[in-house]
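Asker: query_19.cif is reproduced in full below (mmCIF, C-alpha atoms and all ligand atoms).
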data_start
loop_
_atom_site.group_PDB
_atom_site.id
_atom_site.type_symbol
_atom_site.label_atom_id
_atom_site.label_comp_id
_atom_site.auth_asym_id
_atom_site.auth_seq_id
_atom_site.Cartn_x
_atom_site.Cartn_y
_atom_site.Cartn_z
ATOM 1 C CA MET K 1 13.376 -1.165 15.827
ATOM 2 C CA ARG K 2 10.878 -3.185 13.827
ATOM 3 C CA THR K 3 10.117 -3.209 10.103
ATOM 4 C CA ILE K 4 6.669 -3.963 8.739
ATOM 5 C CA ALA K 5 5.860 -4.592 5.085
ATOM 6 C CA HIS K 6 2.303 -3.290 4.814
ATOM 7 C CA ILE K 7 0.636 -4.653 1.685
ATOM 8 C CA SER K 8 -2.972 -3.983 0.769
ATOM 9 C CA ASP K 9 -5.654 -4.523 -1.856
ATOM 10 C CA ILE K 10 -3.945 -7.139 -3.977
ATOM 11 C CA HIS K 11 -7.274 -7.945 -5.719
ATOM 12 C CA PHE K 12 -6.509 -11.226 -7.415
ATOM 13 C CA ASN K 13 -7.306 -11.718 -10.349
ATOM 14 C CA ARG K 14 -7.246 -8.051 -11.357
ATOM 15 C CA ILE K 15 -3.465 -8.066 -11.295
ATOM 16 C CA GLU K 16 -0.452 -7.835 -13.574
ATOM 17 C CA ASP K 17 1.900 -10.795 -13.357
ATOM 18 C CA ALA K 18 5.076 -8.709 -13.563
ATOM 19 C CA VAL K 19 3.949 -6.561 -10.621
ATOM 20 C CA VAL K 20 3.124 -9.654 -8.561
ATOM 21 C CA GLU K 21 6.563 -11.132 -9.247
ATOM 22 C CA GLY K 22 8.237 -7.791 -8.499
ATOM 23 C CA CYS K 23 6.324 -7.463 -5.228
ATOM 24 C CA VAL K 24 7.322 -10.931 -4.001
ATOM 25 C CA ALA K 25 10.974 -10.253 -4.833
ATOM 26 C CA ASP K 26 11.016 -6.812 -3.246
ATOM 27 C CA VAL K 27 9.229 -7.687 -0.001
ATOM 28 C CA THR K 28 11.428 -10.757 0.406
ATOM 29 C CA ALA K 29 14.574 -8.672 -0.071
ATOM 30 C CA GLN K 30 13.483 -6.230 2.675
ATOM 31 C CA GLN K 31 13.423 -8.997 5.331
ATOM 32 C CA PRO K 32 10.597 -7.388 7.346
ATOM 33 C CA THR K 33 9.838 -8.354 10.936
ATOM 34 C CA LEU K 34 6.207 -8.859 9.924
ATOM 35 C CA VAL K 35 4.140 -8.790 6.718
ATOM 36 C CA ILE K 36 0.712 -7.227 7.162
ATOM 37 C CA MET K 37 -1.994 -7.544 4.513
ATOM 38 C CA SER K 38 -4.993 -5.283 5.044
ATOM 39 C CA GLY K 39 -7.684 -6.902 2.937
ATOM 40 C CA ASP K 40 -9.206 -7.116 -0.547
ATOM 41 C CA PHE K 41 -7.291 -10.269 -1.422
ATOM 42 C CA THR K 42 -9.649 -10.934 -4.308
ATOM 43 C CA GLN K 43 -11.782 -9.089 -6.802
ATOM 44 C CA ARG K 44 -14.974 -11.106 -6.325
ATOM 45 C CA ALA K 45 -14.269 -13.608 -3.520
ATOM 46 C CA ARG K 46 -14.215 -16.553 -5.953
ATOM 47 C CA ALA K 47 -12.323 -19.743 -5.080
ATOM 48 C CA SER K 48 -9.939 -19.406 -8.037
ATOM 49 C CA GLN K 49 -9.070 -15.845 -6.990
ATOM 50 C CA TYR K 50 -8.497 -16.936 -3.395
ATOM 51 C CA LYS K 51 -6.242 -19.760 -4.545
ATOM 52 C CA ALA K 52 -4.113 -17.288 -6.519
ATOM 53 C CA ALA K 53 -3.991 -14.876 -3.564
ATOM 54 C CA ALA K 54 -3.031 -17.695 -1.190
ATOM 55 C CA ALA K 55 -0.225 -18.756 -3.551
ATOM 56 C CA PHE K 56 1.061 -15.145 -3.526
ATOM 57 C CA MET K 57 0.954 -15.082 0.290
ATOM 58 C CA GLY K 58 2.780 -18.379 0.406
ATOM 59 C CA ARG K 59 5.725 -16.808 -1.403
ATOM 60 C CA LEU K 60 5.999 -13.826 0.972
ATOM 61 C CA PRO K 61 8.089 -13.839 4.157
ATOM 62 C CA ARG K 62 6.543 -14.861 7.474
ATOM 63 C CA PRO K 63 5.208 -14.110 10.009
ATOM 64 C CA GLN K 64 2.132 -12.578 8.419
ATOM 65 C CA LEU K 65 -0.951 -10.910 9.860
ATOM 66 C CA VAL K 66 -3.980 -10.507 7.590
ATOM 67 C CA VAL K 67 -7.540 -9.148 7.722
ATOM 68 C CA PRO K 68 -10.293 -9.361 5.066
ATOM 69 C CA GLY K 69 -11.709 -6.519 2.959
ATOM 70 C CA ASN K 70 -15.086 -5.793 1.406
ATOM 71 C CA HIS K 71 -14.071 -7.530 -1.844
ATOM 72 C CA ASP K 72 -13.440 -10.714 0.101
ATOM 73 C CA ILE K 73 -17.202 -11.106 0.566
ATOM 74 C CA PRO K 74 -19.168 -12.276 -2.511
ATOM 75 C CA LEU K 75 -21.196 -9.524 -4.181
ATOM 76 C CA PHE K 76 -23.552 -11.442 -6.445
ATOM 77 C CA ASP K 77 -23.928 -14.759 -4.629
ATOM 78 C CA VAL K 78 -26.518 -13.420 -2.204
ATOM 79 C CA ILE K 79 -26.968 -16.592 -0.124
ATOM 80 C CA THR K 80 -23.241 -16.856 0.576
ATOM 81 C CA ARG K 81 -22.989 -13.098 1.004
ATOM 82 C CA PHE K 82 -25.413 -13.077 3.899
ATOM 83 C CA PHE K 83 -25.059 -16.507 5.464
ATOM 84 C CA MET K 84 -21.384 -17.461 4.930
ATOM 85 C CA PRO K 85 -19.744 -14.187 3.843
ATOM 86 C CA LEU K 86 -16.154 -15.204 4.582
ATOM 87 C CA ARG K 87 -16.464 -18.886 3.667
ATOM 88 C CA ASN K 88 -13.768 -18.757 0.990
ATOM 89 C CA TYR K 89 -11.565 -16.394 3.013
ATOM 90 C CA THR K 90 -11.518 -18.795 5.951
ATOM 91 C CA LYS K 91 -11.000 -21.733 3.615
ATOM 92 C CA TYR K 92 -8.080 -20.357 1.606
ATOM 93 C CA ILE K 93 -6.496 -17.463 3.551
ATOM 94 C CA THR K 94 -6.926 -18.043 7.293
ATOM 95 C CA ARG K 95 -9.523 -19.155 9.810
ATOM 96 C CA ASP K 96 -8.257 -16.545 12.258
ATOM 97 C CA LEU K 97 -10.542 -13.496 12.098
ATOM 98 C CA ARG K 98 -8.965 -11.855 15.147
ATOM 99 C CA PRO K 99 -5.238 -12.287 14.498
ATOM 100 C CA SER K 100 -2.491 -10.777 16.605
ATOM 101 C CA PHE K 101 1.293 -10.581 16.673
ATOM 102 C CA GLN K 102 3.385 -9.765 19.699
ATOM 103 C CA ASP K 103 7.044 -9.513 20.557
ATOM 104 C CA GLU K 104 9.014 -7.345 23.027
ATOM 105 C CA GLU K 105 8.515 -4.160 20.983
ATOM 106 C CA LEU K 106 5.303 -4.640 19.055
ATOM 107 C CA LEU K 107 1.682 -5.640 19.542
ATOM 108 C CA VAL K 108 -0.387 -5.847 16.355
ATOM 109 C CA ILE K 109 -4.117 -6.578 16.446
ATOM 110 C CA GLY K 110 -6.144 -7.386 13.324
ATOM 111 C CA VAL K 111 -9.846 -6.479 13.160
ATOM 112 C CA ASN K 112 -12.324 -7.607 10.508
ATOM 113 C CA THR K 113 -14.287 -4.557 9.290
ATOM 114 C CA ALA K 114 -15.813 -6.243 6.200
ATOM 115 C CA ARG K 115 -19.581 -6.622 6.361
ATOM 116 C CA SER K 116 -22.231 -8.279 4.216
ATOM 117 C CA PHE K 117 -24.438 -5.260 4.484
ATOM 118 C CA THR K 118 -23.659 -1.797 5.758
ATOM 119 C CA PRO K 119 -26.576 0.535 5.064
ATOM 120 C CA THR K 120 -25.592 4.083 4.169
ATOM 121 C CA LEU K 121 -27.500 7.144 3.027
ATOM 122 C CA ASP K 122 -26.345 6.768 -0.576
ATOM 123 C CA GLY K 123 -27.039 3.046 -0.685
ATOM 124 C CA PHE K 124 -23.452 1.783 -0.873
ATOM 125 C CA TRP K 125 -22.470 -1.230 1.177
ATOM 126 C CA LYS K 126 -18.758 -1.304 0.647
ATOM 127 C CA ASP K 127 -17.934 0.668 3.791
ATOM 128 C CA GLY K 128 -16.990 -1.377 6.792
ATOM 129 C CA LYS K 129 -17.794 -1.313 10.434
ATOM 130 C CA ILE K 130 -16.353 -2.049 13.861
ATOM 131 C CA SER K 131 -18.807 -3.499 16.359
ATOM 132 C CA GLU K 132 -18.941 -2.933 20.100
ATOM 133 C CA GLU K 133 -17.867 -6.550 20.616
ATOM 134 C CA GLN K 134 -14.785 -5.960 18.460
ATOM 135 C CA LEU K 135 -13.928 -2.810 20.405
ATOM 136 C CA LEU K 136 -14.166 -4.741 23.626
ATOM 137 C CA ASP K 137 -11.950 -7.418 22.104
ATOM 138 C CA ILE K 138 -9.323 -4.800 21.131
ATOM 139 C CA LYS K 139 -9.334 -3.531 24.695
ATOM 140 C CA LEU K 140 -8.993 -7.030 26.127
ATOM 141 C CA ARG K 141 -6.009 -7.683 23.901
ATOM 142 C CA ALA K 142 -4.280 -4.298 24.131
ATOM 143 C CA CYS K 143 -4.986 -2.740 27.497
ATOM 144 C CA ASP K 144 -2.799 -5.110 29.499
ATOM 145 C CA ALA K 145 0.214 -4.924 27.153
ATOM 146 C CA PRO K 146 3.282 -3.233 28.671
ATOM 147 C CA SER K 147 3.401 0.520 28.098
ATOM 148 C CA GLU K 148 6.719 0.324 26.207
ATOM 149 C CA VAL K 149 5.160 -1.928 23.539
ATOM 150 C CA PHE K 150 4.128 -0.123 20.325
ATOM 151 C CA LYS K 151 0.465 -0.954 19.668
ATOM 152 C CA ILE K 152 -1.037 -1.209 16.194
ATOM 153 C CA VAL K 153 -4.582 -1.950 15.029
ATOM 154 C CA VAL K 154 -5.021 -3.244 11.462
ATOM 155 C CA THR K 155 -8.312 -2.876 9.569
ATOM 156 C CA HIS K 156 -9.256 -2.851 5.903
ATOM 157 C CA HIS K 157 -11.251 0.378 6.110
ATOM 158 C CA PRO K 158 -9.356 3.521 7.150
ATOM 159 C CA PHE K 159 -10.122 5.925 9.992
ATOM 160 C CA ILE K 160 -9.278 9.076 8.042
ATOM 161 C CA PRO K 161 -9.897 10.060 4.380
ATOM 162 C CA PRO K 162 -7.105 11.027 1.965
ATOM 163 C CA PRO K 163 -5.842 14.620 2.290
ATOM 164 C CA GLY K 164 -8.311 17.143 0.907
ATOM 165 C CA GLU K 165 -11.166 14.638 0.637
ATOM 166 C CA ARG K 166 -14.378 14.623 2.627
ATOM 167 C CA LEU K 167 -15.054 11.985 5.264
ATOM 168 C CA HIS K 168 -16.034 9.142 2.953
ATOM 169 C CA GLY K 169 -14.977 5.503 2.707
ATOM 170 C CA ILE K 170 -13.920 5.449 6.325
ATOM 171 C CA VAL K 171 -15.034 2.772 8.721
ATOM 172 C CA HIS K 172 -18.428 3.262 10.372
ATOM 173 C CA ASN K 173 -18.245 3.846 14.116
ATOM 174 C CA ALA K 174 -14.744 5.351 13.632
ATOM 175 C CA ARG K 175 -15.139 8.038 16.239
ATOM 176 C CA ASN K 176 -16.333 5.612 18.910
ATOM 177 C CA ALA K 177 -13.630 3.118 17.955
ATOM 178 C CA LEU K 178 -10.872 5.728 18.285
ATOM 179 C CA ASP K 179 -12.344 6.843 21.570
ATOM 180 C CA GLN K 180 -11.915 3.333 22.935
ATOM 181 C CA MET K 181 -8.506 2.794 21.332
ATOM 182 C CA GLU K 182 -7.394 5.936 23.094
ATOM 183 C CA ASP K 183 -8.204 4.203 26.396
ATOM 184 C CA CYS K 184 -5.671 1.444 25.751
ATOM 185 C CA ASN K 185 -2.960 3.584 24.205
ATOM 186 C CA ILE K 186 -3.065 2.442 20.594
ATOM 187 C CA ASP K 187 -0.202 4.168 18.743
ATOM 188 C CA MET K 188 -1.008 3.558 15.094
ATOM 189 C CA CYS K 189 -3.735 2.209 12.782
ATOM 190 C CA LEU K 190 -2.984 0.592 9.412
ATOM 191 C CA ALA K 191 -5.537 0.240 6.601
ATOM 192 C CA GLY K 192 -6.075 0.200 2.846
ATOM 193 C CA HIS K 193 -9.340 0.142 0.830
ATOM 194 C CA LEU K 194 -9.113 3.475 -1.005
ATOM 195 C CA HIS K 195 -6.069 2.419 -3.066
ATOM 196 C CA MET K 196 -4.228 5.539 -1.991
ATOM 197 C CA GLY K 197 -1.177 5.847 0.214
ATOM 198 C CA TYR K 198 -1.459 8.594 2.851
ATOM 199 C CA SER K 199 -0.982 9.120 6.564
ATOM 200 C CA GLY K 200 -1.753 11.531 9.377
ATOM 201 C CA ASP K 201 -2.891 12.053 12.936
ATOM 202 C CA VAL K 202 -6.486 10.853 13.420
ATOM 203 C CA ARG K 203 -7.245 14.075 15.313
ATOM 204 C CA THR K 204 -7.121 16.068 12.072
ATOM 205 C CA HIS K 205 -10.533 14.514 11.274
ATOM 206 C CA HIS K 206 -11.762 13.441 14.691
ATOM 207 C CA GLU K 207 -11.334 16.484 16.853
ATOM 208 C CA ALA K 208 -12.873 14.957 19.965
ATOM 209 C CA ILE K 209 -10.103 12.359 20.195
ATOM 210 C CA LYS K 210 -7.430 13.428 22.657
ATOM 211 C CA ARG K 211 -4.732 10.855 21.943
ATOM 212 C CA SER K 212 -2.465 11.397 18.962
ATOM 213 C CA ILE K 213 -2.819 8.181 16.932
ATOM 214 C CA LEU K 214 -1.175 7.738 13.543
ATOM 215 C CA SER K 215 -3.357 6.488 10.683
ATOM 216 C CA VAL K 216 -1.338 5.021 7.811
ATOM 217 C CA GLN K 217 -2.842 3.762 4.545
ATOM 218 C CA ALA K 218 -1.196 1.692 1.816
ATOM 219 C CA GLY K 219 -2.103 1.928 -1.870
ATOM 220 C CA THR K 220 -2.826 -1.151 -3.958
ATOM 221 C CA ALA K 221 0.218 -3.402 -4.197
ATOM 222 C CA THR K 222 -0.643 -5.409 -7.289
ATOM 223 C CA SER K 223 -4.099 -4.481 -8.598
ATOM 224 C CA THR K 224 -4.866 -2.724 -11.885
ATOM 225 C CA ARG K 225 -7.579 -0.793 -9.981
ATOM 226 C CA ARG K 226 -5.266 2.153 -9.378
ATOM 227 C CA ARG K 227 -6.418 5.627 -8.345
ATOM 228 C CA GLY K 228 -3.805 7.797 -9.984
ATOM 229 C CA GLU K 229 -0.929 6.199 -8.074
ATOM 230 C CA PRO K 230 1.470 3.448 -9.134
ATOM 231 C CA ASN K 231 1.236 0.046 -7.468
ATOM 232 C CA ALA K 232 2.920 0.353 -4.093
ATOM 233 C CA TYR K 233 3.264 -0.977 -0.587
ATOM 234 C CA ASN K 234 4.584 0.610 2.602
ATOM 235 C CA LEU K 235 7.761 -0.387 4.360
ATOM 236 C CA ILE K 236 7.249 0.990 7.862
ATOM 237 C CA THR K 237 10.038 1.270 10.426
ATOM 238 C CA ILE K 238 8.893 1.601 14.017
ATOM 239 C CA GLU K 239 10.590 2.833 17.149
ATOM 240 C CA ARG K 240 8.746 3.889 20.291
ATOM 241 C CA ASP K 241 8.564 7.573 19.262
ATOM 242 C CA HIS K 242 9.530 7.459 15.604
ATOM 243 C CA VAL K 243 7.796 6.043 12.532
ATOM 244 C CA GLY K 244 9.211 6.079 8.991
ATOM 245 C CA ILE K 245 6.933 5.198 6.074
ATOM 246 C CA GLN K 246 8.872 4.323 2.951
ATOM 247 C CA VAL K 247 6.587 3.834 -0.043
ATOM 248 C CA ARG K 248 7.987 1.173 -2.353
ATOM 249 C CA ALA K 249 6.395 1.836 -5.767
ATOM 250 C CA TRP K 250 6.383 -0.040 -9.071
ATOM 251 C CA ASN K 251 8.352 1.795 -11.770
ATOM 252 C CA GLY K 252 7.388 -0.522 -14.641
ATOM 253 C CA THR K 253 10.274 -2.878 -13.987
ATOM 254 C CA SER K 254 10.695 -3.194 -10.234
ATOM 255 C CA PHE K 255 9.645 -1.718 -6.896
ATOM 256 C CA GLU K 256 11.795 1.216 -5.773
ATOM 257 C CA ASN K 257 11.809 3.934 -3.114
ATOM 258 C CA ALA K 258 9.144 6.600 -3.697
ATOM 259 C CA ALA K 259 7.702 9.031 -1.115
ATOM 260 C CA PHE K 260 9.140 8.877 2.401
ATOM 261 C CA THR K 261 7.176 10.221 5.356
ATOM 262 C CA GLU K 262 8.503 10.473 8.873
ATOM 263 C CA PHE K 263 6.761 11.143 12.173
ATOM 264 C CA ARG K 264 8.347 11.844 15.534
ATOM 265 C CA ARG K 265 6.381 11.797 18.788
ATOM 266 C CA SER K 266 7.106 14.464 21.285
ATOM 267 C CA GLU K 267 5.073 15.045 24.443
ATOM 268 C CA GLY K 268 2.571 12.485 23.170
ATOM 269 C CA ILE K 269 1.965 14.202 19.823
ATOM 270 C CA TRP K 270 2.968 12.747 16.463
ATOM 271 C CA ASN K 271 4.547 15.435 14.307
ATOM 272 C CA ARG K 272 5.343 15.015 10.634
ATOM 273 C CA ILE K 273 9.021 15.786 10.013
ATOM 274 C CA GLU K 274 9.187 18.122 7.012
HETATM 275 FE FE FE Q 301 -9.585 -2.578 -2.707
HETATM 276 FE FE FE Q 302 -11.910 -2.310 -0.150
#
For this file, write the structure as structure tokens.
Answerer:
Amino acid sequence: MRTIAHISDIHFNRIEDAVVEGCVADVTAQQPTLVIMSGDFTQRARASQYKAAAAFMGRLPRPQLVVPGNHDIPLFDVITRFFMPLRNYTKYITRDLRPSFQDEELLVIGVNTARSFTPTLDGFWKDGKISEEQLLDIKLRACDAPSEVFKIVVTHHPFIPPPGERLHGIVHNARNALDQMEDCNIDMCLAGHLHMGYSGDVRTHHEAIKRSILSVQAGTATSTRRRGEPNAYNLITIERDHVGIQVRAWNGTSFENAAFTEFRRSEGIWNRIE
């Protein structure tokens, strides 16, 4: 069994100090196998915000696997935005834009979905994208892994929307990406971005996908940009055919157990245990 602390959308400097301290203490106490951070380290990609985010990371347990989010690209500094979008991310967080973690039970692959410009019908550019090159890279890294290894892909942008919401805010090229992930037996995707914690089988929104792949989102761990949920992160326990998602939520004083969701895989299908 493996335990992952999945933290997302920390958004320095839009944070509360007490929540940051509580998060460091709580994640450390859980002794996870791996800490995953799925993007939006900063609010506006400024050096001072990156320094604060890097200091926070430095206090969390290792190993860590991290990917950038849309807020990690400058919004107003247009030259940097288009020509060196992740300059500060690679300077302060990590130079590795295609991170991976592997042991006997787990293979985790990080993919950068943040883009300087993603044209959409309504003019927003905060949605991310996976390119064909990145899909090929996922296949190169995952397809040869032993079948008993549990395979996870980490992105900032999710593959499914929150329950009851239309298909918005999800990564562009999601359907094609899932199609290719199906080919190399990806078991689960982790993401953030919408500041809401939720999970489900990708096939509930992508009916053409045949493989049952879990999509698990974390809320915002430390940011004041909350969407009706307390600050929280996910503590995920993983066995080959069982996943438990324990939300650890801020209660005003400390992080404590909140919602718990469990999935069991039988005959290749992930079923939520009610
Ligand atoms: Fe965010
Ligand atoms: Fe985001």
Asker: Can you report as AutoDock Vina command-line options the centre and edge lengths in Å, to one decimal, of an axis-aligned box around the listed atoms of stretch 86-92 of chain K padded with 8 Å on each side?
Answerer:
--center_x -12.3 --center_y -18.5 --center_z 3.5 --size_x 24.4 --size_y 22.5 --size_z 21.0
Asker: Could you please extract the residues within 12 Å of ligand FE 302 (chain Q), counting all atoms listed in the file, and hand them back as an MDAnalysis selection string?
Answerer: chainID K and resid 8:11 38:44 67:73 112:115 125:128 155:158 169:171 191:196 217:220 223 225
Asker: On this file, the PyMOL selection byres (((chain K and resi 25-36) around 7) and not hetatm) gives some set of residues; write that set as a PDB file with C-alpha atoms, in the coordinates of the input.
Answerer:
ATOM      1  CA  ARG K   2      10.878  -3.185  13.827  1.00  0.00           C
ATOM      2  CA  THR K   3      10.117  -3.209  10.103  1.00  0.00           C
ATOM      3  CA  ILE K   4       6.669  -3.963   8.739  1.00  0.00           C
ATOM      4  CA  ALA K   5       5.860  -4.592   5.085  1.00  0.00           C
ATOM      5  CA  HIS K   6       2.303  -3.290   4.814  1.00  0.00           C
ATOM      6  CA  ILE K   7       0.636  -4.653   1.685  1.00  0.00           C
ATOM      7  CA  GLU K  21       6.563 -11.132  -9.247  1.00  0.00           C
ATOM      8  CA  GLY K  22       8.237  -7.791  -8.499  1.00  0.00           C
ATOM      9  CA  CYS K  23       6.324  -7.463  -5.228  1.00  0.00           C
ATOM     10  CA  VAL K  24       7.322 -10.931  -4.001  1.00  0.00           C
ATOM     11  CA  MET K  37      -1.994  -7.544   4.513  1.00  0.00           C
ATOM     12  CA  SER K  38      -4.993  -5.283   5.044  1.00  0.00           C
ATOM     13  CA  LEU K  60       5.999 -13.826   0.972  1.00  0.00           C
ATOM     14  CA  PRO K  61       8.089 -13.839   4.157  1.00  0.00           C
ATOM     15  CA  ARG K  62       6.543 -14.861   7.474  1.00  0.00           C
ATOM     16  CA  PRO K  63       5.208 -14.110  10.009  1.00  0.00           C
ATOM     17  CA  GLN K  64       2.132 -12.578   8.419  1.00  0.00           C
ATOM     18  CA  LEU K  65      -0.951 -10.910   9.860  1.00  0.00           C
ATOM     19  CA  VAL K  66      -3.980 -10.507   7.590  1.00  0.00           C
ATOM     20  CA  PHE K 255       9.645  -1.718  -6.896  1.00  0.00           C
TER      21      PHE K 255
END
Asker: Between K:Ala221, K:Ile138, K:Cys143, K:Val149, single out the one closest to ligand FE 301 (chain Q), counting all atoms listed in the file.
Answerer: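 Ranking K:Ala221, K:Ile138, K:Cys143, K:Val149 by distance to ligand FE 301 (chain Q), first place goes to K:Ala221.
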Asker: Between K:Arg98, K:Ile213, K:Ala54, K:Pro163, single out the one closest to K:Leu135, counting all atoms listed in the file.
Answerer: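 Selected residue with least distance to K:Leu135: K:Arg98.
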Asker: Could you work out how far atom CA of K:His242 lies from atom CA of K:Ile273, giving the answer in Å with one decimal?
Answerer: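 Computing it gives 10.0 Å between the two atoms.
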Asker: May I ask which of the residues K:Leu75, K:Val111, K:Ile130, K:Thr222 is the closest one to ligand FE 301 (chain Q), counting only C-alpha atoms and all ligand atoms?
Answerer: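 Checking each candidate against ligand FE 301 (chain Q), we get K:Thr222 as the closest.
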Asker: Pick out the residues sitting within 10 Å of K:Arg211, and hand them over as a PyMOL selection string; count only C-alpha atoms, and ignore anything fewer than 5 positions along from it in its own chain.
Answerer: chain K and resi 178-179+181-183+185-187+201-203+268-270
Asker: Name all residues at most 8 Å from K:Pro230 (count all atoms listed in the file; drop same-chain ones fewer than 5 positions away) and give them as a list of chain:residue names.
Answerer: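 In the requested format, the answer is K:Ala249, K:Trp250, K:Asn251.
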Asker: Limited to C-alpha atoms, could you put the picked residues into a file as a PDB file, in the frame of the given file?
Answerer:
ATOM      1  CA  ALA K 249       6.395   1.836  -5.767  1.00  0.00           C
ATOM      2  CA  TRP K 250       6.383  -0.040  -9.071  1.00  0.00           C
ATOM      3  CA  ASN K 251       8.352   1.795 -11.770  1.00  0.00           C
TER       4      ASN K 251
END
Asker: Suppose you want the space between atom CA of K:Arg95 and atom CA of K:Met1; what is it in Å?
Answerer: 29.7 Å
Asker: Find the residue from K:Thr224, K:Leu235, K:Ser131, K:Asp241 that sits nearest to ligand FE 301 (chain Q); use all atoms listed in the file when measuring.
Answerer: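 Of K:Thr224, K:Leu235, K:Ser131, K:Asp241, the one nearest ligand FE 301 (chain Q) is K:Thr224, counting all atoms listed in the file.
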Asker: I need the residue nearest ligand FE 301 (chain Q) from this list: K:Ile79, K:Val154, K:Arg227, K:Glu274. Use all atoms listed in the file for the distance.
Answerer: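 Closest residue, counting all atoms listed in the file: K:Arg227.
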Asker: List the residues selected by the PyMOL selection byres (((chain K and resi 261) around 10) and not hetatm) in the file shown, writing them as a PyMOL selection string.
Answerer: chain K and resi 198-200+236+243-247+258-260+262-263+272-274
Asker: When you count all atoms listed in the file, which of these residues is closest to ligand FE 301 (chain Q): K:Ile209, K:Ile152, K:Ile15, K:Leu140?
Answerer: K:Ile15
Asker: Just the number, please: distance in Å from atom CA of K:Glu165 to atom CA of K:Tyr233, one decimal.
Answerer: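 Taking atom CA of K:Glu165 as the start and atom CA of K:Tyr233 as the end point, the length is 21.3 Å.
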Asker: What do you get, as a ChimeraX atom specification, if you spell out every residue that the PyMOL selection byres (((chain K and resi 107) around 9) and not hetatm) selects here?
Answerer: /K:100-106,108-109,142,145,149-153
Asker: I need stretch 152-164 of chain K from the structure I supplied, saved as a PDB file, in the first residue's frame with N, CA and C atoms retained.
Answerer:
ATOM      1  N   ILE K 152      -0.207   6.495 -12.377  1.00  0.00           N
ATOM      2  CA  ILE K 152      -0.915   7.755 -12.120  1.00  0.00           C
ATOM      3  C   ILE K 152      -0.355   8.849 -13.024  1.00  0.00           C
ATOM      4  N   VAL K 153      -1.243   9.659 -13.589  1.00  0.00           N
ATOM      5  CA  VAL K 153      -0.825  10.851 -14.330  1.00  0.00           C
ATOM      6  C   VAL K 153      -1.293  12.082 -13.547  1.00  0.00           C
ATOM      7  N   VAL K 154      -0.385  13.026 -13.331  1.00  0.00           N
ATOM      8  CA  VAL K 154      -0.706  14.247 -12.584  1.00  0.00           C
ATOM      9  C   VAL K 154      -0.696  15.438 -13.527  1.00  0.00           C
ATOM     10  N   THR K 155      -1.783  16.201 -13.532  1.00  0.00           N
ATOM     11  CA  THR K 155      -1.872  17.445 -14.305  1.00  0.00           C
ATOM     12  C   THR K 155      -2.452  18.524 -13.402  1.00  0.00           C
ATOM     13  N   HIS K 156      -2.366  19.771 -13.822  1.00  0.00           N
ATOM     14  CA  HIS K 156      -3.074  20.815 -13.070  1.00  0.00           C
ATOM     15  C   HIS K 156      -4.561  20.808 -13.432  1.00  0.00           C
ATOM     16  N   HIS K 157      -4.839  20.743 -14.727  1.00  0.00           N
ATOM     17  CA  HIS K 157      -6.228  20.826 -15.191  1.00  0.00           C
ATOM     18  C   HIS K 157      -6.873  19.445 -15.175  1.00  0.00           C
ATOM     19  N   PRO K 158      -8.107  19.364 -14.686  1.00  0.00           N
ATOM     20  CA  PRO K 158      -8.760  18.048 -14.545  1.00  0.00           C
ATOM     21  C   PRO K 158      -9.303  17.495 -15.864  1.00  0.00           C
ATOM     22  N   PHE K 159      -9.657  16.221 -15.839  1.00  0.00           N
ATOM     23  CA  PHE K 159     -10.242  15.564 -17.011  1.00  0.00           C
ATOM     24  C   PHE K 159     -11.759  15.486 -16.930  1.00  0.00           C
ATOM     25  N   ILE K 160     -12.293  15.682 -15.727  1.00  0.00           N
ATOM     26  CA  ILE K 160     -13.763  15.694 -15.587  1.00  0.00           C
ATOM     27  C   ILE K 160     -14.167  16.918 -14.752  1.00  0.00           C
ATOM     28  N   PRO K 161     -15.377  17.463 -14.987  1.00  0.00           N
ATOM     29  CA  PRO K 161     -15.851  18.602 -14.192  1.00  0.00           C
ATOM     30  C   PRO K 161     -16.425  18.120 -12.860  1.00  0.00           C
ATOM     31  N   PRO K 162     -16.659  19.045 -11.922  1.00  0.00           N
ATOM     32  CA  PRO K 162     -17.294  18.645 -10.658  1.00  0.00           C
ATOM     33  C   PRO K 162     -18.685  18.070 -10.922  1.00  0.00           C
ATOM     34  N   PRO K 163     -19.199  17.258 -10.001  1.00  0.00           N
ATOM     35  CA  PRO K 163     -20.516  16.643 -10.191  1.00  0.00           C
ATOM     36  C   PRO K 163     -21.582  17.707 -10.467  1.00  0.00           C
ATOM     37  N   GLY K 164     -22.408  17.449 -11.449  1.00  0.00           N
ATOM     38  CA  GLY K 164     -23.516  18.360 -11.751  1.00  0.00           C
ATOM     39  C   GLY K 164     -23.120  19.565 -12.572  1.00  0.00           C
TER      40      GLY K 164
END
